[in-house]
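Colleague: My questions will all concern the structure given below.
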Amino acid sequence: MELQRLCLSGVCSKNLISSFHYGRRVSMMLREVEDLLKPNGDFKAVAAEVVVTGCVVEERPLQPVIFGQETMLERAWKHLMDDETAIMGLYGMGGVGKTTLLTQINNKFREAVDGFQIVIWVVVSSDLRVEKIQDDIAKKLGLRGEEWDMKEEIDKVTDIHAKLKNKKFVLLLDDIWTKIDLTEIGVPFPTKENGCKVVFTTRSKEVCGRMGVDDPMEVQCLTDNEAWDLFKRKVGPLTLKSYPSIPEQARKVTRKCCGLPLALNVIGETMSCKRTIQEWDLAVQVLNSYAADFSGMEDRILPILKYSYDNLKSEHIKSCFQYCSLFPEDYLIEKEKLIDYWICEGFISEKEDRERRVNQGYDIIGTLVRSCLLLEEEDNKSKVKLHDVVREMSLWISSDFGENREKCIVRAGVGLCEVPKVEKWSAVEKMSLMINKIEEVSGSPNFSKLTTLFLQENMPLASISGEFFKCMPKLVVLDLSENLGLNRLPEEISELNSLKYLDLSRTMILRLPVGLWKLKKLVHLYLEGMRDLLSMDGISKLSSLRTLKLLGCKQLRFDKSCKELVLLKHLEVLTIEIKSKLVLEKLFFSHMGRRCVEKVVIKGTWQESFGFLNFPTILRSLKGSCFLSLSSVAIKDCGVKDLKWLLFAPNLIHLTLVNLLQLEEVVSIEEADEMQVQGVVLFGKLETLLMSDLPEVKSIYGTPLPFPCLREMDIEQCPKLGKLPLSSKSVAEVERFVIIYRSADWIERVNWEDEATRLRFLPSRRMVLQSLKDSPAIPDDEKYSVRKLSPDTAAHYNFTNK
């Protein structure tokens, strides 16, 4: 406009007065620019923030259809939008869909009306670099450029903080493997007051804790129906309809993926063009034998899962993880046995005392569970298992990524009828042939490197030749348990000079071979449920023995071998069934018994019912606890009046009382005061209390007790039991607690401490029609299963009734 007022090509003005004013304004502006260029120039007005009126969020691409995450997304979003949530963690195994869920959360912010100004997405990965995270955030904030690249890290921290401190932001961190210090990056810490949010994904629950998230959300595998829907979509209808039996094989392939979206997607894409039944049959065969051979496994699935393995802290923990793949698919592995295997293999030092060794084992299991490499079932904390695809990854690693497949022979649960042929026996380090149909083990293979051999649960197995054990110089673990057809062992077992662990539980062996007593390195001997075993004579020769499990050895009365058991100076764990008053006094209440007995069944017989099972005089002089190892006690068919010795078992987890016709009170307040047990919380670790046929019992304890661990109380035929030792504060997690009973009349007569107590335990009551006496739990059979009770309680019944 000003140029239009000039003439002579803009040299002169048509209006001299306006020209004068214009020139003066130009002159003033030039002086202002000069002032601003000085060191103390004021740029406040120039640098004013632009007011953002909407949320700046970049929509990220997603698959057209997402299976099985609708509910998860809704729950995650609701939790994130809670005012109390500032940081939210999403954890789960590799390939389970964490990034997909985070992407959905990112895109959902495009519709959010909660005043958020900016959403920032950063991929972190295992090689954490603060500078890379800063650069990604800076790019989103418009700070990138040559000047930014030249800045020191501390200056970048300042710049990011200055940009974000007055913004209501959301920071999404995908795939973190260790704690990220937000202040180190420059990100203001999210609080309820500033309304900012941080959401991250990780494979480690431990990282969630380090990030300050106590209640992280687990991203779980798809259900069977969701997995099938996803797989069908990937394969396509034309392929599924191309042959009548393809859908049946497709379902088998789907089950092998075990709900893992990564595997379902990759394998589904691979099979989408396979339209002959032979191709599908081959796919099932490959996935059942060595899944790493399947197309896409070695390059698109297993390496992604392997990142979790690579992130484990030590080689010992990695070895412990690989050991878990010796078990079949979906097999529930007992934690305590697994730890014993690890100790014998040398993954955990034997130099430490038992408590420290076991604690280290549980710490390793915890590490693997938190890393989503092992799975722990919600209702059975005593066992763990491997996800099928993670198991395939472990086997792949154990075979040196397919280069040395004979290093670890795992053919567990696949229906074998004979020992498989191996080209090079001397290369085998571990072999698992458990849960098969092998009838006979023979031959003399050269197992020069073999350290673990699993042959348990081969039901037809009737014989093992002596020659088979001739060349196993390094074997430390031999498990032959659950072979009901096996009635003898060859004397050549004495050739196993390195053997530390031997499990013969629930076999039909009558007599242990003399050669067994020559195993001077044997540490763990499992003989539970060997109901035909007649003698333990010679047991004292096993000078290194630390664990001896004898529950369910029905023919053993220990009258002769009791003295030998006491001579086992290094024994740390003993499980035993006692039917003799002599054994009770000489073994159970001996110094060795008080130190070592972990599980005991005390059972009367027609010939001897132990009278009153009086409390031994020796315990009256003791101060403090003495049965520190005792975790499970079952007392049956005895004329018991006195159970105050339970005051000296502070670590008791399971207590079963059956058919004690004279018992009136489990523990009385007077007895507790009389014994003056210092620092002991009665039943402080008790998880299950099972009481049946106690006609005179009026009380468990006279006043309410704290039961911080109690999960189950099972009451049957206790007609005079009118009050339970419960108050409204007794059980910590009442939602996981259950009172099982079989008489509606009895529960209605219970006199609760107060109305608050009655109301608190009202949802916990569960009536079960099946009687304990009529169920397989109580009779003296081999095993039992009460489906209406919890797995942990069922496991306890197993031990008390084997």
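To be explicit about the labels: the chains of the structure tokens are called A, B, and onward in the order shown, and within each one the residues are counted from 1, while ligands get numbers from 1 in the order they are shown.
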Region 486-598 of chain A near region 336-339 of chain A within 12 Å: what's each residue's closest atom pair and its distance in Å to one decimal, counting only C-alpha atoms, ordered by chain then ascending residue number, as a Markdown table?
Modeller:
```
| residue | atom | partner | partner_atom | distance |
| --- | --- | --- | --- | --- |
| A:Tyr501 | CA | A:Lys337 | CA | 10.2 |
| A:Leu502 | CA | A:Lys337 | CA | 11.4 |
| A:Asp503 | CA | A:Lys337 | CA | 10.2 |
| A:His524 | CA | A:Lys337 | CA | 10.0 |
| A:Leu525 | CA | A:Lys337 | CA | 11.5 |
| A:Tyr526 | CA | A:Lys337 | CA | 10.2 |
| A:Thr547 | CA | A:Lys337 | CA | 11.0 |
| A:Lys549 | CA | A:Lys337 | CA | 11.7 |
| A:Val573 | CA | A:Glu336 | CA | 11.8 |
```
Colleague: With distances taken over only C-alpha atoms, which of A:Tyr290, A:Phe468, A:Phe200, A:Phe109 is nearest to Met88 (chain A)?
Modeller: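 With only C-alpha atoms as the atom set, the closest residue is A:Phe200.
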Colleague: Which distance in Å separates CA of Glu352 (chain A) and CA of Cys320 (chain A), to one decimal?
Modeller: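 Rounded to one decimal, the two atoms are 17.8 Å apart.
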Colleague: What's the separation between CA of Gln662 (chain A) and CA of Asp693 (chain A), in Å to one decimal place?
Modeller: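 Computing it gives 10.5 Å between the two atoms.
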Colleague: Residues at most 9 Å from Arg506 (chain A), counting only C-alpha atoms, excluding those fewer than 6 positions away in the same chain, as a PyMOL selection string?
Modeller: chain A and resi 481-484+527-531+552+782+802
Colleague: Excluding region 392-406 of chain A and its own-chain neighbours fewer than 5 positions away, which residues fall within 8 Å of it when counting only C-alpha atoms? Please give them as a ChimeraX atom specification.
Modeller: /A:290-292,302,305-306,321-322,325,422,424-425,427-428
Colleague: Neighbours of Lys449 (chain A) within 10 Å (only C-alpha atoms; same-chain residues fewer than 5 positions away dropped), as a PyMOL selection string?
Modeller: chain A and resi 407+425-430+471-475
Colleague: With C-alpha atoms retained, export the selected residues as a short mmCIF file (atom, residue, chain, number, x, y, z; two decimals), in the first residue's frame.
Modeller:
```cif
data_model
loop_
_atom_site.label_atom_id
_atom_site.label_comp_id
_atom_site.auth_asym_id
_atom_site.auth_seq_id
_atom_site.Cartn_x
_atom_site.Cartn_y
_atom_site.Cartn_z
CA LYS A 407 22.37 -81.58 22.25
CA TRP A 425 24.63 -90.30 21.64
CA SER A 426 27.79 -88.65 22.93
CA ALA A 427 26.46 -85.23 21.91
CA VAL A 428 23.34 -85.46 24.10
CA GLU A 429 23.44 -83.32 27.25
CA LYS A 430 19.78 -83.52 28.28
CA CYS A 471 28.04 -95.09 30.35
CA MET A 472 26.51 -92.06 32.00
CA PRO A 473 29.47 -90.62 33.91
CA LYS A 474 28.00 -87.10 34.22
CA LEU A 475 24.35 -87.91 34.96
#
```
Colleague: Take CA of Leu551 (chain A) and CA of Arg742 (chain A) and report the distance between them in Å, one decimal.
Modeller: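 Taking CA of Leu551 (chain A) as the start and CA of Arg742 (chain A) as the end point, the length is 28.6 Å.
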Colleague: With only C-alpha atoms as the basis for distance, which of A:His570, A:Arg357, A:His387, A:Arg488 is at the shortest distance from Pro513 (chain A)?
Modeller: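 The shortest atom-to-atom distance to Pro513 (chain A) comes from A:Arg488.
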